[in-house]
Amino acid sequence: MQAEPLATAPTRLATELDRCPSGMDEILPPFVLGSLDEDGDRLRLTTDSLGIGRLFELRTRWGWVWSNRPEAALAFAGEPYRMDEVAWAHNAVADEVFGHSSPYQGVRLVDAGTTITWDGHAQRLAAVSRDPVTS
């Protein structure tokens with residue numbers, strides 16, 4: 001068996017995960033997989049099944065920004081940094097931010113086992129999440 005060339009491995013893996021989503025359970029976390037098909041104007045982002053590889057998203061007036069760091073999403077979007085008071089209150093009580101929240105307003109954590117696909121030709125965004133417990 002010949003190894004997949006490094007340049008095409010992420011796209012091939014994303015295609016295989018699209019074909020068989022349960023294959024994600026065979027990949028050891030943490031990871032967030034990204035693949036870009038420039039010719040097809042398609043972006044695909046996939047989070048690991050346990051959510052250890054973190055992906056944050058921010059909705060702006062002009063679209064979406066994704067990043068593995070919540071502050072980077074704000075910086076890329078040129079948005080101001082505003083504290084999320086509820087998230088910080090959770091952190092003060094339990095030393096942790098819960099659910100989809102992040103330390104910053106408007107930035108949310110993407111679920112574990114989620115594939116986000118942007119199809120530029122169709123101007124369509126799709127997000128599909130798998131529950132790793134019941135899958």
# chains A, B, ... in the order shown; residues from 1 in each chain; ligands from 1
call {"tool": "residues_around", "arguments": {"residues": "range 53-63 of chain A", "least_positions_apart": "2", "cutoff": "8 Å", "atoms": "only C-alpha atoms", "output": "list in words"}}
result
Pro29, Pro30, Phe31, Val32, Thr47, Asp48, Leu50, Gly51, Val65, Trp66, Ser67, Asn68, Arg69, Pro70, Ala73, Leu74, Ala77, Gly106, Val107, Arg108, Leu109 and Val110 of chain A
call {"tool": "residues_around", "arguments": {"residues": "Ala122 in chain A", "least_positions_apart": "3", "cutoff": "10 Å", "atoms": "only C-alpha atoms", "output": "PyMOL selection string"}}
result
chain A and resi 41-42+118-119+125
call {"tool": "write_last_selection", "arguments": {"atoms": "C-alpha atoms", "output": "short mmCIF file (atom, residue, chain, number, x, y, z; two decimals), in the first residue's frame"}}
result
data_model
loop_
_atom_site.label_atom_id
_atom_site.label_comp_id
_atom_site.auth_asym_id
_atom_site.auth_seq_id
_atom_site.Cartn_x
_atom_site.Cartn_y
_atom_site.Cartn_z
CA ASP A 41 -14.98 26.68 -4.47
CA ARG A 42 -15.57 24.41 -1.48
CA TRP A 118 -19.09 25.95 2.49
CA ASP A 119 -20.10 25.52 -1.16
CA LEU A 125 -23.22 26.62 4.32
#
call {"tool": "residues_around", "arguments": {"residues": "Ser22 in chain A", "least_positions_apart": "3", "cutoff": "10 Å", "atoms": "only C-alpha atoms", "output": "list of chain:residue names"}}
result
A:Glu16, A:Leu17, A:Asp18, A:Arg19, A:Asp25, A:Glu26, A:Ile27, A:Ser49, A:Gly113, A:Arg130, A:Pro132, A:Ser135
call {"tool": "select_by_dssp", "arguments": {"residues": "chain A", "states": "strand (DSSP E or B)", "output": "PyMOL selection string"}}
result
chain A and resi 32-37+42-47+56-59+64-67+83+104+107-109+114-119+124-129
call {"tool": "write_last_selection", "arguments": {"atoms": "C-alpha atoms", "output": "PDB file, in the first residue's frame"}}
result
ATOM      1  CA  VAL A  32      -9.410  19.809  13.233  1.00  0.00           C
ATOM      2  CA  LEU A  33      -9.196  18.871   9.583  1.00  0.00           C
ATOM      3  CA  GLY A  34      -9.508  21.537   6.923  1.00  0.00           C
ATOM      4  CA  SER A  35      -9.587  21.071   3.177  1.00  0.00           C
ATOM      5  CA  LEU A  36     -10.043  23.619   0.411  1.00  0.00           C
ATOM      6  CA  ASP A  37     -11.045  22.725  -3.130  1.00  0.00           C
ATOM      7  CA  ARG A  42     -15.566  24.412  -1.484  1.00  0.00           C
ATOM      8  CA  LEU A  43     -14.216  24.554   2.079  1.00  0.00           C
ATOM      9  CA  ARG A  44     -14.639  21.696   4.535  1.00  0.00           C
ATOM     10  CA  LEU A  45     -13.752  21.774   8.257  1.00  0.00           C
ATOM     11  CA  THR A  46     -14.129  18.715  10.497  1.00  0.00           C
ATOM     12  CA  THR A  47     -13.674  18.527  14.267  1.00  0.00           C
ATOM     13  CA  PHE A  56     -14.375  28.419  17.066  1.00  0.00           C
ATOM     14  CA  GLU A  57     -16.717  30.289  14.748  1.00  0.00           C
ATOM     15  CA  LEU A  58     -17.775  33.882  14.444  1.00  0.00           C
ATOM     16  CA  ARG A  59     -20.642  35.178  12.301  1.00  0.00           C
ATOM     17  CA  TRP A  64     -18.194  33.398   8.777  1.00  0.00           C
ATOM     18  CA  VAL A  65     -14.745  33.148  10.349  1.00  0.00           C
ATOM     19  CA  TRP A  66     -13.370  29.903  11.799  1.00  0.00           C
ATOM     20  CA  SER A  67     -10.242  29.522  13.899  1.00  0.00           C
ATOM     21  CA  MET A  83     -15.957  39.913  27.112  1.00  0.00           C
ATOM     22  CA  TYR A 104     -15.635  36.543  23.832  1.00  0.00           C
ATOM     23  CA  VAL A 107     -17.517  33.573  19.247  1.00  0.00           C
ATOM     24  CA  ARG A 108     -18.844  30.068  19.816  1.00  0.00           C
ATOM     25  CA  LEU A 109     -17.255  26.640  20.056  1.00  0.00           C
ATOM     26  CA  THR A 114     -18.971  18.331  13.251  1.00  0.00           C
ATOM     27  CA  THR A 115     -18.312  18.837   9.566  1.00  0.00           C
ATOM     28  CA  ILE A 116     -18.842  22.341   8.217  1.00  0.00           C
ATOM     29  CA  THR A 117     -18.983  22.701   4.445  1.00  0.00           C
ATOM     30  CA  TRP A 118     -19.091  25.947   2.492  1.00  0.00           C
ATOM     31  CA  ASP A 119     -20.096  25.523  -1.162  1.00  0.00           C
ATOM     32  CA  ARG A 124     -24.559  27.397   0.844  1.00  0.00           C
ATOM     33  CA  LEU A 125     -23.218  26.617   4.316  1.00  0.00           C
ATOM     34  CA  ALA A 126     -23.972  23.224   5.863  1.00  0.00           C
ATOM     35  CA  ALA A 127     -23.022  21.874   9.283  1.00  0.00           C
ATOM     36  CA  VAL A 128     -23.549  18.252  10.238  1.00  0.00           C
ATOM     37  CA  SER A 129     -22.757  16.925  13.724  1.00  0.00           C
TER      38      SER A 129
END
